[in-house]
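S.K.: The structure file structure37.cif (mmCIF, C-alpha atoms) is provided below.
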data_entry
loop_
_atom_site.group_PDB
_atom_site.id
_atom_site.type_symbol
_atom_site.label_atom_id
_atom_site.label_comp_id
_atom_site.auth_asym_id
_atom_site.auth_seq_id
_atom_site.Cartn_x
_atom_site.Cartn_y
_atom_site.Cartn_z
ATOM 1 C CA MET P 1 127.471 92.096 86.121
ATOM 2 C CA THR P 2 124.465 91.795 88.406
ATOM 3 C CA GLU P 3 123.526 94.913 90.279
ATOM 4 C CA ARG P 4 121.779 94.481 93.615
ATOM 5 C CA LEU P 5 119.024 96.947 94.362
ATOM 6 C CA TYR P 6 117.973 97.699 97.910
ATOM 7 C CA GLY P 7 115.392 99.880 99.467
ATOM 8 C CA PRO P 8 111.942 99.908 100.918
ATOM 9 C CA ASN P 9 110.530 101.302 97.661
ATOM 10 C CA LEU P 10 111.512 98.363 95.445
ATOM 11 C CA LEU P 11 108.636 96.820 93.493
ATOM 12 C CA ALA P 12 108.485 93.858 91.156
ATOM 13 C CA ILE P 13 105.892 93.853 88.408
ATOM 14 C CA GLY P 14 105.043 90.627 86.642
ATOM 15 C CA VAL P 15 103.029 90.997 83.449
ATOM 16 C CA ASP P 16 100.990 87.823 82.936
ATOM 17 C CA ALA P 17 98.684 88.743 80.051
ATOM 18 C CA ILE P 18 98.786 91.256 77.231
ATOM 19 C CA GLY P 19 95.457 92.355 75.763
ATOM 20 C CA SER P 20 94.792 94.399 72.665
ATOM 21 C CA THR P 21 95.181 97.706 74.530
ATOM 22 C CA ASP P 22 96.600 96.931 77.977
ATOM 23 C CA TYR P 23 98.183 94.312 80.204
ATOM 24 C CA SER P 24 97.491 92.645 83.534
ATOM 25 C CA GLY P 25 99.547 90.865 86.144
ATOM 26 C CA ARG P 26 100.929 91.048 89.665
ATOM 27 C CA MET P 27 102.907 93.483 91.774
ATOM 28 C CA TRP P 28 104.808 92.420 94.848
ATOM 29 C CA ASN P 29 106.862 94.289 97.404
ATOM 30 C CA ALA P 30 108.996 93.654 100.456
ATOM 31 C CA TYR P 31 106.153 94.072 102.949
ATOM 32 C CA GLN P 32 103.595 91.569 101.726
ATOM 33 C CA THR P 33 103.743 87.800 101.359
ATOM 34 C CA GLU P 34 101.208 87.711 98.529
ATOM 35 C CA PRO P 35 101.244 89.806 95.350
ATOM 36 C CA GLU P 36 98.593 92.369 94.491
ATOM 37 C CA TYR P 37 96.827 91.757 91.180
ATOM 38 C CA PHE P 38 96.133 94.463 88.608
ATOM 39 C CA SER P 39 93.918 94.245 85.539
ATOM 40 C CA ASN P 40 95.238 97.294 83.664
ATOM 41 C CA SER P 41 98.082 99.807 83.753
ATOM 42 C CA MET P 42 96.010 102.541 85.453
ATOM 43 C CA GLU P 43 95.191 100.168 88.289
ATOM 44 C CA LEU P 44 98.915 99.325 88.528
ATOM 45 C CA LEU P 45 99.820 103.032 88.846
ATOM 46 C CA ARG P 46 97.211 103.522 91.567
ATOM 47 C CA MET P 47 98.522 100.480 93.471
ATOM 48 C CA MET P 48 102.087 101.765 93.228
ATOM 49 C CA GLU P 49 101.108 105.250 94.424
ATOM 50 C CA ALA P 50 99.156 103.770 97.357
ATOM 51 C CA PHE P 51 102.197 101.657 98.265
ATOM 52 C CA PHE P 52 104.512 104.694 98.279
ATOM 53 C CA ASP P 53 101.992 106.580 100.409
ATOM 54 C CA ARG P 54 101.830 103.690 102.925
ATOM 55 C CA ILE P 55 105.583 103.516 103.409
ATOM 56 C CA ASN P 56 105.920 107.295 102.983
ATOM 57 C CA PHE P 57 108.925 106.785 100.737
ATOM 58 C CA PRO P 58 109.794 108.424 98.513
ATOM 59 C CA GLN P 59 107.902 111.286 100.022
ATOM 60 C CA SER P 60 105.483 113.048 97.734
ATOM 61 C CA ALA P 61 106.389 116.613 96.814
ATOM 62 C CA VAL P 62 102.747 117.514 96.134
ATOM 63 C CA HIS P 63 99.390 116.730 97.692
ATOM 64 C CA TYR P 64 96.764 115.845 95.149
ATOM 65 C CA ARG P 65 93.443 117.626 95.125
ATOM 66 C CA SER P 66 90.262 115.624 94.966
ATOM 67 C CA PHE P 67 86.511 115.964 94.614
ATOM 68 C CA GLN P 68 86.125 113.636 97.583
ATOM 69 C CA LYS P 69 86.479 114.346 101.277
ATOM 70 C CA GLU P 70 90.144 114.229 102.280
ATOM 71 C CA GLN P 71 91.239 110.919 103.731
ATOM 72 C CA ARG P 72 94.482 109.125 104.300
ATOM 73 C CA ARG P 73 95.501 107.325 101.132
ATOM 74 C CA GLY P 74 97.022 103.884 100.850
ATOM 75 C CA GLY P 75 95.789 102.067 103.947
ATOM 76 C CA PRO P 76 97.743 101.167 107.082
ATOM 77 C CA ALA P 77 101.374 102.223 107.369
ATOM 78 C CA MET P 78 104.043 99.584 106.783
ATOM 79 C CA ARG P 79 106.901 99.095 109.214
ATOM 80 C CA ALA P 80 110.528 98.574 108.191
ATOM 81 C CA GLU P 81 110.888 95.585 110.524
ATOM 82 C CA ASP P 82 108.179 93.766 108.539
ATOM 83 C CA ARG P 83 110.224 93.892 105.338
ATOM 84 C CA LYS P 84 111.377 90.755 103.539
ATOM 85 C CA PRO P 85 113.896 90.458 100.678
ATOM 86 C CA VAL P 86 112.236 91.339 97.374
ATOM 87 C CA MET P 87 114.965 89.949 95.143
ATOM 88 C CA SER P 88 114.445 86.392 96.388
ATOM 89 C CA GLU P 89 110.732 86.739 95.599
ATOM 90 C CA ILE P 90 111.533 87.879 92.061
ATOM 91 C CA GLU P 91 113.586 84.761 91.492
ATOM 92 C CA LYS P 92 110.559 82.651 92.415
ATOM 93 C CA ASN P 93 107.808 84.816 90.905
ATOM 94 C CA ARG P 94 108.074 86.059 87.363
ATOM 95 C CA GLY P 95 105.451 87.368 85.002
ATOM 96 C CA ASP P 96 104.414 85.060 82.169
ATOM 97 C CA LYS P 97 105.077 87.794 79.583
ATOM 98 C CA GLY P 98 107.646 89.963 81.377
ATOM 99 C CA THR P 99 109.073 91.020 84.725
ATOM 100 C CA PHE P 100 110.123 94.526 85.708
ATOM 101 C CA ILE P 101 111.877 95.703 88.859
ATOM 102 C CA VAL P 102 110.912 99.298 89.547
ATOM 103 C CA GLN P 103 112.557 101.643 92.008
ATOM 104 C CA VAL P 104 110.972 105.069 92.245
ATOM 105 C CA MET P 105 113.582 107.373 93.748
ATOM 106 C CA TYR P 106 111.675 110.665 93.678
ATOM 107 C CA ARG P 107 108.069 111.810 93.549
ATOM 108 C CA GLN P 108 108.494 115.332 92.240
ATOM 109 C CA ASN P 109 106.561 117.527 89.801
ATOM 110 C CA ALA P 110 103.431 115.411 90.396
ATOM 111 C CA THR P 111 105.049 112.303 88.881
ATOM 112 C CA TRP P 112 107.805 109.742 89.512
ATOM 113 C CA GLN P 113 111.486 109.511 88.646
ATOM 114 C CA GLY P 114 113.526 106.349 89.066
ATOM 115 C CA GLN P 115 114.828 103.253 87.350
ATOM 116 C CA VAL P 116 113.307 100.138 85.836
ATOM 117 C CA ILE P 117 115.060 96.860 85.132
ATOM 118 C CA TRP P 118 113.645 94.479 82.554
ATOM 119 C CA ALA P 119 114.513 91.218 84.333
ATOM 120 C CA GLU P 120 114.447 88.933 81.284
ATOM 121 C CA GLN P 121 117.066 91.029 79.470
ATOM 122 C CA ASN P 122 118.807 92.459 82.567
ATOM 123 C CA LYS P 123 118.559 95.954 81.063
ATOM 124 C CA LYS P 124 118.255 99.026 83.261
ATOM 125 C CA VAL P 125 116.745 102.321 82.117
ATOM 126 C CA TYR P 126 116.040 105.520 84.036
ATOM 127 C CA PHE P 127 112.628 107.136 83.666
ATOM 128 C CA ARG P 128 111.514 110.720 84.324
ATOM 129 C CA SER P 129 107.770 110.214 84.682
ATOM 130 C CA ALA P 130 105.141 107.557 85.287
ATOM 131 C CA MET P 131 104.132 107.937 81.633
ATOM 132 C CA GLU P 132 107.681 107.240 80.496
ATOM 133 C CA LEU P 133 107.804 104.170 82.777
ATOM 134 C CA LEU P 134 104.668 102.786 81.116
ATOM 135 C CA LYS P 135 106.053 103.575 77.654
ATOM 136 C CA LEU P 136 109.277 101.709 78.444
ATOM 137 C CA MET P 137 107.373 98.691 79.747
ATOM 138 C CA ASP P 138 105.085 98.748 76.688
ATOM 139 C CA SER P 139 108.091 98.879 74.379
ATOM 140 C CA ALA P 140 109.731 95.905 76.089
ATOM 141 C CA LEU P 141 106.534 93.835 75.977
ATOM 142 C CA GLU P 142 105.560 94.720 72.400
ATOM 143 C CA ASN P 143 108.883 95.091 70.573
ATOM 144 C CA GLY P 144 111.310 93.259 72.809
ATOM 145 C CA THR P 145 113.377 96.446 73.239
ATOM 146 C CA ILE P 146 113.829 98.948 76.021
ATOM 147 C CA GLU P 147 115.889 102.027 75.246
ATOM 148 C CA GLN P 148 116.925 105.063 77.257
ATOM 149 C CA GLY P 149 115.613 108.284 75.788
ATOM 150 C CA GLU P 150 112.983 106.767 73.511
ATOM 151 C CA LYS P 151 111.068 109.623 71.943
ATOM 152 C CA ILE P 152 107.691 109.999 73.585
ATOM 153 C CA SER P 153 105.156 111.670 71.355
ATOM 154 C CA PHE P 154 102.058 113.358 72.661
ATOM 155 C CA PRO P 155 99.153 114.266 70.364
ATOM 156 C CA LEU P 156 99.129 117.975 69.567
ATOM 157 C CA PRO P 157 96.105 120.122 68.777
ATOM 158 C CA GLU P 158 95.395 120.485 65.056
ATOM 159 C CA GLY P 159 97.600 123.124 63.467
ATOM 160 C CA LYS P 160 100.162 123.101 66.336
ATOM 161 C CA LYS P 161 103.765 122.278 65.560
ATOM 162 C CA GLU P 162 106.016 120.365 67.966
ATOM 163 C CA ASP P 163 108.721 122.755 69.172
ATOM 164 C CA ARG P 164 110.761 120.639 71.584
ATOM 165 C CA ASP P 165 112.114 117.164 71.959
ATOM 166 C CA GLU P 166 110.428 115.281 74.849
ATOM 167 C CA THR P 167 113.547 113.165 75.410
ATOM 168 C CA GLU P 168 115.532 116.174 76.629
ATOM 169 C CA PRO P 169 115.249 117.107 80.303
ATOM 170 C CA LYS P 170 113.290 120.274 81.020
#
Give the structure from the file, written as structure tokens.

M.R.:
Amino acid sequence: MTERLYGPNLLAIGVDAIGSTDYSGRMWNAYQTEPEYFSNSMELLRMMEAFFDRINFPQSAVHYRSFQKEQRRGGPAMRAEDRKPVMSEIEKNRGDKGTFIVQVMYRQNATWQGQVIWAEQNKKVYFRSAMELLKLMDSALENGTIEQGEKISFPLPEGKKEDRDETEPK
């Protein structure tokens, strides 16, 4: 069963190299003929956020504060009539180490919610935050597995006890 994804907010992420602490690769979307290159996961997140700001979809539920003078983020706006099919590009362009199709459906609570498909395994998982998206991608690249509801552990201050399961919705 092959599910077809559509939408202006569809991104393909090709991971080409895995370093000791991070990965690098390419991101392509329906509005550009050439991919954008990223050298680490933080740069990837910034590129994705700038893309969503340019197409204004999904709309952000919050406006980030900054130390810098306010300016329009993301560059020039992209028009729907300039869109090309992303899926055909994914067939031609894959990451050397892994390929992920990401569709962010909401930008709420200062983070993203959506779905990610690991193209090599054709496995789809929903994520509730940008951090969870990165954790899922890391898991697929490192362990060869991607699982819904993987427990995400955050370091706690010394002497603090974990009192809730991060896999449960809040």

S.K.: To one decimal place in Å, what is the distance between atom CA of Tyr31 of chain P and atom CA of Ala140 of chain P?

M.R.: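 Between atom CA of Tyr31 of chain P and atom CA of Ala140 of chain P the gap works out to 27.2 Å.
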
S.K.: Once the PyMOL selection byres ((chain P and resi 36) around 6) has been evaluated on this model, what residues remain selected, and can you format them as JSON, numbers by chain?

M.R.: {"P": [26, 27, 35, 37]}

S.K.: Using only C-alpha atoms, which of P:Ile101, P:Ile13, P:Ala61, P:Leu141 sits nearest Leu45 of chain P?

M.R.: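 That would be P:Ile13, the residue with the smallest distance to Leu45 of chain P.
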
S.K.: Using the chain letters and numbers from this file, what does the PyMOL selection byres ((chain P and resi 57) around 10) select? Give the answer as a list in words.

M.R.: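 Checking the PyMOL selection byres ((chain P and resi 57) around 10) against this file, the residues are Gly7, Pro8, Asn9, Phe51, Phe52, Asp53, Arg54, Ile55, Asn56, Pro58, Gln59, Ser60, Val104, Met105, Tyr106 and Arg107 of chain P.
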
S.K.: So the first atom is atom CA of Ser129 of chain P and the second is atom CA of Gln68 of chain P; what is the distance between them in Å, to one decimal place?

M.R.: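 Atom CA of Gln68 of chain P lies 25.4 Å from atom CA of Ser129 of chain P.
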
S.K.: By how many Å are atom CA of Met131 of chain P and atom CA of Asn93 of chain P apart?

M.R.: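 Atom CA of Met131 of chain P sits 25.2 Å away from atom CA of Asn93 of chain P.
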
S.K.: Carefully work through the PyMOL selection byres ((chain P and resi 98) around 9) for this structure and note down the residues it includes, as a compact mmCIF listing (two decimals) with C-alpha atoms, in the coordinates of the input.

M.R.:
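Output below, filename part24.txt:
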# COMPACT_ATOMS: atom_id res chain seq x y z
CA ILE P 13 105.89 93.85 88.41
CA GLY P 14 105.04 90.63 86.64
CA VAL P 15 103.03 91.00 83.45
CA ASP P 16 100.99 87.82 82.94
CA ARG P 94 108.07 86.06 87.36
CA GLY P 95 105.45 87.37 85.00
CA ASP P 96 104.41 85.06 82.17
CA LYS P 97 105.08 87.79 79.58
CA THR P 99 109.07 91.02 84.72
CA PHE P 100 110.12 94.53 85.71
CA TRP P 118 113.64 94.48 82.55
CA ALA P 119 114.51 91.22 84.33
CA GLU P 120 114.45 88.93 81.28
CA MET P 137 107.37 98.69 79.75
CA ALA P 140 109.73 95.90 76.09
CA LEU P 141 106.53 93.84 75.98

S.K.: Using the partial input, fill out segment 101-127 of chain P with N, CA, C and O atoms; write the result as a PDB file, in the frame of the given file.

M.R.:
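Below you can see selection18.pdb, which holds the result:
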ATOM      1  N   ILE P 101     111.545  95.278  87.509  1.00  0.00           N
ATOM      2  CA  ILE P 101     111.877  95.703  88.859  1.00  0.00           C
ATOM      3  C   ILE P 101     111.919  97.226  88.819  1.00  0.00           C
ATOM      4  O   ILE P 101     112.703  97.805  88.060  1.00  0.00           O
ATOM      5  N   VAL P 102     111.059  97.845  89.594  1.00  0.00           N
ATOM      6  CA  VAL P 102     110.912  99.298  89.547  1.00  0.00           C
ATOM      7  C   VAL P 102     111.336  99.881  90.886  1.00  0.00           C
ATOM      8  O   VAL P 102     110.925  99.410  91.944  1.00  0.00           O
ATOM      9  N   GLN P 103     112.164 100.901  90.816  1.00  0.00           N
ATOM     10  CA  GLN P 103     112.557 101.643  92.008  1.00  0.00           C
ATOM     11  C   GLN P 103     112.308 103.119  91.730  1.00  0.00           C
ATOM     12  O   GLN P 103     113.014 103.738  90.938  1.00  0.00           O
ATOM     13  N   VAL P 104     111.272 103.644  92.360  1.00  0.00           N
ATOM     14  CA  VAL P 104     110.972 105.069  92.245  1.00  0.00           C
ATOM     15  C   VAL P 104     111.819 105.778  93.294  1.00  0.00           C
ATOM     16  O   VAL P 104     111.721 105.481  94.476  1.00  0.00           O
ATOM     17  N   MET P 105     112.670 106.684  92.840  1.00  0.00           N
ATOM     18  CA  MET P 105     113.582 107.373  93.748  1.00  0.00           C
ATOM     19  C   MET P 105     113.049 108.725  94.204  1.00  0.00           C
ATOM     20  O   MET P 105     113.379 109.179  95.286  1.00  0.00           O
ATOM     21  N   TYR P 106     112.226 109.357  93.355  1.00  0.00           N
ATOM     22  CA  TYR P 106     111.675 110.665  93.678  1.00  0.00           C
ATOM     23  C   TYR P 106     110.227 110.728  93.227  1.00  0.00           C
ATOM     24  O   TYR P 106     109.850 110.124  92.227  1.00  0.00           O
ATOM     25  N   ARG P 107     109.430 111.479  93.972  1.00  0.00           N
ATOM     26  CA  ARG P 107     108.069 111.810  93.549  1.00  0.00           C
ATOM     27  C   ARG P 107     107.988 113.332  93.514  1.00  0.00           C
ATOM     28  O   ARG P 107     107.590 113.969  94.474  1.00  0.00           O
ATOM     29  N   GLN P 108     108.444 113.884  92.410  1.00  0.00           N
ATOM     30  CA  GLN P 108     108.494 115.332  92.240  1.00  0.00           C
ATOM     31  C   GLN P 108     107.723 115.722  90.992  1.00  0.00           C
ATOM     32  O   GLN P 108     107.551 114.912  90.082  1.00  0.00           O
ATOM     33  N   ASN P 109     107.285 116.989  90.951  1.00  0.00           N
ATOM     34  CA  ASN P 109     106.561 117.527  89.801  1.00  0.00           C
ATOM     35  C   ASN P 109     105.325 116.691  89.471  1.00  0.00           C
ATOM     36  O   ASN P 109     105.003 116.460  88.311  1.00  0.00           O
ATOM     37  N   ALA P 110     104.667 116.188  90.521  1.00  0.00           N
ATOM     38  CA  ALA P 110     103.431 115.411  90.396  1.00  0.00           C
ATOM     39  C   ALA P 110     103.603 114.135  89.581  1.00  0.00           C
ATOM     40  O   ALA P 110     102.669 113.645  88.963  1.00  0.00           O
ATOM     41  N   THR P 111     104.808 113.579  89.552  1.00  0.00           N
ATOM     42  CA  THR P 111     105.049 112.303  88.881  1.00  0.00           C
ATOM     43  C   THR P 111     106.240 111.610  89.526  1.00  0.00           C
ATOM     44  O   THR P 111     106.704 112.030  90.576  1.00  0.00           O
ATOM     45  N   TRP P 112     106.725 110.547  88.921  1.00  0.00           N
ATOM     46  CA  TRP P 112     107.805 109.742  89.512  1.00  0.00           C
ATOM     47  C   TRP P 112     109.060 109.801  88.656  1.00  0.00           C
ATOM     48  O   TRP P 112     108.998 109.910  87.442  1.00  0.00           O
ATOM     49  N   GLN P 113     110.203 109.666  89.325  1.00  0.00           N
ATOM     50  CA  GLN P 113     111.486 109.511  88.646  1.00  0.00           C
ATOM     51  C   GLN P 113     112.184 108.329  89.302  1.00  0.00           C
ATOM     52  O   GLN P 113     112.113 108.158  90.520  1.00  0.00           O
ATOM     53  N   GLY P 114     112.848 107.511  88.498  1.00  0.00           N
ATOM     54  CA  GLY P 114     113.526 106.349  89.066  1.00  0.00           C
ATOM     55  C   GLY P 114     114.154 105.492  88.002  1.00  0.00           C
ATOM     56  O   GLY P 114     114.543 105.970  86.933  1.00  0.00           O
ATOM     57  N   GLN P 115     114.230 104.191  88.289  1.00  0.00           N
ATOM     58  CA  GLN P 115     114.828 103.253  87.350  1.00  0.00           C
ATOM     59  C   GLN P 115     113.967 102.008  87.250  1.00  0.00           C
ATOM     60  O   GLN P 115     113.274 101.635  88.186  1.00  0.00           O
ATOM     61  N   VAL P 116     114.021 101.389  86.075  1.00  0.00           N
ATOM     62  CA  VAL P 116     113.307 100.138  85.836  1.00  0.00           C
ATOM     63  C   VAL P 116     114.298  99.156  85.216  1.00  0.00           C
ATOM     64  O   VAL P 116     115.100  99.518  84.367  1.00  0.00           O
ATOM     65  N   ILE P 117     114.233  97.927  85.692  1.00  0.00           N
ATOM     66  CA  ILE P 117     115.060  96.860  85.132  1.00  0.00           C
ATOM     67  C   ILE P 117     114.132  95.839  84.501  1.00  0.00           C
ATOM     68  O   ILE P 117     113.194  95.353  85.145  1.00  0.00           O
ATOM     69  N   TRP P 118     114.379  95.531  83.244  1.00  0.00           N
ATOM     70  CA  TRP P 118     113.645  94.479  82.554  1.00  0.00           C
ATOM     71  C   TRP P 118     114.386  93.187  82.877  1.00  0.00           C
ATOM     72  O   TRP P 118     115.492  92.944  82.403  1.00  0.00           O
ATOM     73  N   ALA P 119     113.818  92.371  83.756  1.00  0.00           N
ATOM     74  CA  ALA P 119     114.513  91.218  84.333  1.00  0.00           C
ATOM     75  C   ALA P 119     114.942  90.198  83.281  1.00  0.00           C
ATOM     76  O   ALA P 119     116.027  89.625  83.382  1.00  0.00           O
ATOM     77  N   GLU P 120     114.116  89.954  82.291  1.00  0.00           N
ATOM     78  CA  GLU P 120     114.447  88.933  81.284  1.00  0.00           C
ATOM     79  C   GLU P 120     115.685  89.293  80.478  1.00  0.00           C
ATOM     80  O   GLU P 120     116.438  88.420  80.061  1.00  0.00           O
ATOM     81  N   GLN P 121     115.914  90.571  80.256  1.00  0.00           N
ATOM     82  CA  GLN P 121     117.066  91.029  79.470  1.00  0.00           C
ATOM     83  C   GLN P 121     118.156  91.655  80.333  1.00  0.00           C
ATOM     84  O   GLN P 121     119.197  92.044  79.810  1.00  0.00           O
ATOM     85  N   ASN P 122     117.884  91.810  81.635  1.00  0.00           N
ATOM     86  CA  ASN P 122     118.807  92.459  82.567  1.00  0.00           C
ATOM     87  C   ASN P 122     119.260  93.830  82.040  1.00  0.00           C
ATOM     88  O   ASN P 122     120.435  94.159  82.062  1.00  0.00           O
ATOM     89  N   LYS P 123     118.286  94.609  81.566  1.00  0.00           N
ATOM     90  CA  LYS P 123     118.559  95.954  81.063  1.00  0.00           C
ATOM     91  C   LYS P 123     117.937  96.968  81.997  1.00  0.00           C
ATOM     92  O   LYS P 123     116.776  96.841  82.376  1.00  0.00           O
ATOM     93  N   LYS P 124     118.714  97.975  82.360  1.00  0.00           N
ATOM     94  CA  LYS P 124     118.255  99.026  83.261  1.00  0.00           C
ATOM     95  C   LYS P 124     118.116 100.332  82.490  1.00  0.00           C
ATOM     96  O   LYS P 124     118.983 100.697  81.704  1.00  0.00           O
ATOM     97  N   VAL P 125     117.010 101.038  82.749  1.00  0.00           N
ATOM     98  CA  VAL P 125     116.745 102.321  82.117  1.00  0.00           C
ATOM     99  C   VAL P 125     116.179 103.258  83.177  1.00  0.00           C
ATOM    100  O   VAL P 125     115.384 102.839  84.020  1.00  0.00           O
ATOM    101  N   TYR P 126     116.591 104.508  83.140  1.00  0.00           N
ATOM    102  CA  TYR P 126     116.040 105.520  84.036  1.00  0.00           C
ATOM    103  C   TYR P 126     114.821 106.145  83.378  1.00  0.00           C
ATOM    104  O   TYR P 126     114.792 106.322  82.168  1.00  0.00           O
ATOM    105  N   PHE P 127     113.816 106.469  84.184  1.00  0.00           N
ATOM    106  CA  PHE P 127     112.628 107.136  83.666  1.00  0.00           C
ATOM    107  C   PHE P 127     112.398 108.430  84.430  1.00  0.00           C
ATOM    108  O   PHE P 127     112.807 108.582  85.565  1.00  0.00           O
TER     109      PHE P 127
END
